[in-house]
Every structure is written in C-alpha cells, then in structure tokens.
Amino acid sequence: MNMYRILLSTLLFFPLSLTAQVINLGQMNKQERHAYLVKKSIEVIKIFGPGYYREGAAPIISDYTHSFFYDTKEMLTAPEIEPILVKNNGRKYYEVICPYDTLTERLSWDFAAKIKIWEDDGQPIEVIFGNGIGVNFFARSYDCWIQEGVKDIEKIKYQKVEMPQYYINQLKD
Amino acid sequence: MKNYISLICVFLSFYSLVSCVNLEYYELDDNEHLFEQNRLFPRFKTKGENNSVIMAYPNVDSIMNSSVVIAKMDDAWNRMINSCTVDGRREFGFWICYDHENHTIWCCEMDSGPMVPYPDGGYVNLRELKTAKQRIQACAFFHTHTSFHLAQTSYSRTTGPSTDDNNLANNVFKIPGILYDYPLPNISGGHPVGKQHTIYKFGPDKRSPHYN
C-alpha cells in the first residue's frame, strides 16, 4: 500500500517539479521579469566573475532575437557548437548590461558584465565581463557548470586597465 | 567710388605680395603617390617666427594601404597565431611613424604583451617613444587581439576595438588606431584557426598637424 502511495505522489508531483524548472520570461509581467533577470545576472556574475559584481548598479535590460548568420559562422565558433547556435535561431533572449562607475574605475569595456538569458526558459546563454572575456553555455550548460562546480582558475579574473605612465605625456604637442 | 575700388585693389595686391615674401610654401613631392588625398595639407614655414613649422600627417586609410605597414601587420598577426598555446596567448603591436623629410611611412619594432591564460584579458603596452624624432613622427598605432582557437569552447571573447582602445586613440595618443581582430560581435573557444581576420580603424582619422 505504501508503495502505491509513493508511486501515486511521484506521478502527481513529477510534472509539477518539471514545470517549476522551466521559467518562461515571456509570460511574466515586466516587473517580475526584470526582477528575475537581475537576480539571475547577479548569480551568474558572482559565480563566474565575482570581481565584476557591483552592488546597487542599475542594470540596462534589452530584448533581442538570436540570429546566427551562416556566412560568418565559421569565423566565430567552434565546429561542435555551430549546430547549437543554428538550432537556436529565432529564439528570443534578454541582454542585461551591468554598468560600473567609470569615474572611479577603468575597465577595458564600458560594462562590468553583460549577460544574455533565454526568454523561453530563463537560462543564461553567455556572460562577458569588463575585460572582454566571458563564458558561454552552449557546449556546457549553465546547470552543468553549477553541478560540477566552477574552479577558481576557470573564473574570469578581475582586471582594471593600467596605463603606463609614459603613455600620457609622450605624444602631447 | 572708383577710387575706393582702386584703393582696395592696391591693398590686396600689397597684402598678397607681403604674404608671398613671408611664407615659404612646401608641397608634397609630385611623385608622392601614397598621399594623393592629402595634397591639401602642405607644410608652411613663416620666416622669423618660432613655433611655426607645421607637420601634416597621413590619414589612417593611407597608412593602412602602405605596403610597409601591411607587411608588418600581417607579421604581427602571424606571430600572435603562432604564439598561442592551450595555456594562453599574447597580443602584438607597434607604432607607425611618418618621416616628413622623405615622405615615407615606417614602423617601429614589434612589441608583445605578456602571455595570459584564456580567462584573462590580453593587452600589449607599446614601447616608450624615447627620441623627439619618434614622438614627432608617430602617426598611428597598431595592435592585434588574440585567437581563441586553442581555448576551451566555453570561453568567449568580445571582438573589435575595446572602450579602452578607443580611449587611447581619442584621448590619450590622439592618433589613429588600427586593429587586427575577428569580425564582430564575438568569438568562442575552439574556432577554426585559419579563418580570416578583419581590420578595424578607430580614433581620429589622422594626427593633428604638429607645430615645431
């Protein structure tokens, strides 16, 4: 009897647990979606490039449609992830740009982090940090990284721009 | 009325005569083919005045079309590709100068950045221009970004001139910047090595004339 109860409850709750994992951002209202994107972005930054996390910086959120052009694809990606990129053509995603105070800090790029997140499942696609380097989740999914753990050596190092002193004066007229 | 017009004519003739006497006008050589579009930038020298020699510089398109520069940029790119290992990669770059005496473009020696692992951003600090001649002649700077063909597929890199590259060209050096990198917007680890890079120009079109 107990076995039946366990089986019954498993059958009842299995679909619920599945739907709990899939978060469709397109079905959320703007406020909920914004909150999710910010929360997820902070999570990604803290895991892959903790040096680039800036508390209180208001992120800029935009929405795009993934498009992978056939004519340039060979130049951009590894052969094993090309089919994944092509398969995802037409999928909508959000881009969250996390700024930093450019008056007090100088990074190679004008953002601390830029995170892309799919609309239909809320999963991160790619994160690029202020030094221009990032991690994509095409070949190895975000969940896979989380389950296996991210080693310190795999994290993107915090780097600010350090200009040699002689750069500033040598070409002044 | 006629008197007024005559007076103005006399004044203008006198002024132009004085101007011709006081100014020595140097045009670029007739056989100077590199800077066809820069023929409107002759050098002037005013007699008896200090700080008056104007040295004009070629624009970035002329620099990019110079065979000397193209050969050196290709060399830098090949060195960058050959220096890549599974552990890291390095950027290469050099200053580009314009010799005002001979109207020729020449390149300083190649500089290379440190070997950096793939999760780190690459960079190259170009050498200090130590002589006054080099500082006056510097007309552009070039560098490469790096290949990710030996990086893990999970790593990505944004391509094209960075905010810092633009800042160097526009605000620090105030001369054109030239970059070899892959096409926009980004690359991921493990991309094919033989794929063609592209050339980017950023910053001003040319260095402002130098007053000696």
# chains A, B, ... in the order shown; residues from 1 in each chain; ligands from 1

$ interface_residues --of "chain B" --to "chain A" --cutoff "9 Å" --atoms "only C-alpha atoms" --output "ChimeraX atom specification"
/B:118-122,125-126,128-130,135-136,138,149,153-159,162-165,168,172-175,182-197,210-212

$ atom_distance --atom1 "atom CA of A:Ile117" --atom2 "atom CA of B:Ser147"
25.8 Å

$ atom_distance --atom1 "atom CA of A:Tyr64" --atom2 "atom CA of A:Val38"
16.6 Å

$ residues_around --residues "A:Lys39" --least-positions-apart "6" --cutoff "12 Å" --atoms "only C-alpha atoms" --output "list in words"
Glu32, Arg33, Ile45, Lys46, Glu55, Pro59, Val96, Cys98, Ile115, Ile117, Gly122 and Pro124 of chain A

$ write_last_selection --atoms "N, CA and C atoms" --output "tab-separated table (two decimals), in the first residue's frame"
chain	number	residue	atom	x	y	z
A	32	GLU	N	8.14	41.43	-12.84
A	32	GLU	CA	8.62	40.10	-12.43
A	32	GLU	C	9.83	39.68	-13.27
A	33	ARG	N	9.69	39.92	-14.58
A	33	ARG	CA	10.77	39.54	-15.50
A	33	ARG	C	12.06	40.30	-15.17
A	45	ILE	N	27.19	36.45	-12.35
A	45	ILE	CA	28.40	37.27	-12.11
A	45	ILE	C	29.16	36.73	-10.90
A	46	LYS	N	28.43	36.46	-9.83
A	46	LYS	CA	29.09	36.02	-8.59
A	46	LYS	C	29.77	34.66	-8.76
A	55	GLU	N	27.50	46.21	-6.46
A	55	GLU	CA	26.23	46.29	-5.73
A	55	GLU	C	25.55	47.63	-6.02
A	59	PRO	N	21.00	47.87	-13.70
A	59	PRO	CA	21.28	47.24	-15.00
A	59	PRO	C	20.38	47.77	-16.11
A	96	VAL	N	21.29	41.70	-20.30
A	96	VAL	CA	21.37	42.54	-19.10
A	96	VAL	C	22.77	43.13	-19.03
A	98	CYS	N	25.35	45.27	-16.99
A	98	CYS	CA	25.62	45.80	-15.64
A	98	CYS	C	26.73	46.83	-15.73
A	115	ILE	N	25.12	39.98	-19.64
A	115	ILE	CA	24.59	38.61	-19.56
A	115	ILE	C	23.41	38.46	-20.51
A	117	ILE	N	20.20	36.01	-21.52
A	117	ILE	CA	19.34	34.98	-20.91
A	117	ILE	C	18.17	34.68	-21.85
A	122	GLY	N	14.56	30.97	-19.31
A	122	GLY	CA	15.23	31.73	-18.25
A	122	GLY	C	16.66	31.29	-17.97
A	124	PRO	N	20.78	31.17	-18.61
A	124	PRO	CA	21.82	32.03	-19.17
A	124	PRO	C	22.42	31.43	-20.45

$ closest_residue --among "B:Val116, B:Leu179, B:Cys107, B:Ile54" --to "B:Thr85" --atoms "only C-alpha atoms"
B:Val116

$ residues_around --residues "stretch 80-82 of chain B" --least-positions-apart "6" --cutoff "12 Å" --atoms "only C-alpha atoms" --output "ChimeraX atom specification"
/B:73-74,88-93,110-115,122-124,143-150,180-181,192-197

$ select_by_dssp --residues "chain A" --states "strand (DSSP E or B)" --output "count of residues only"
29
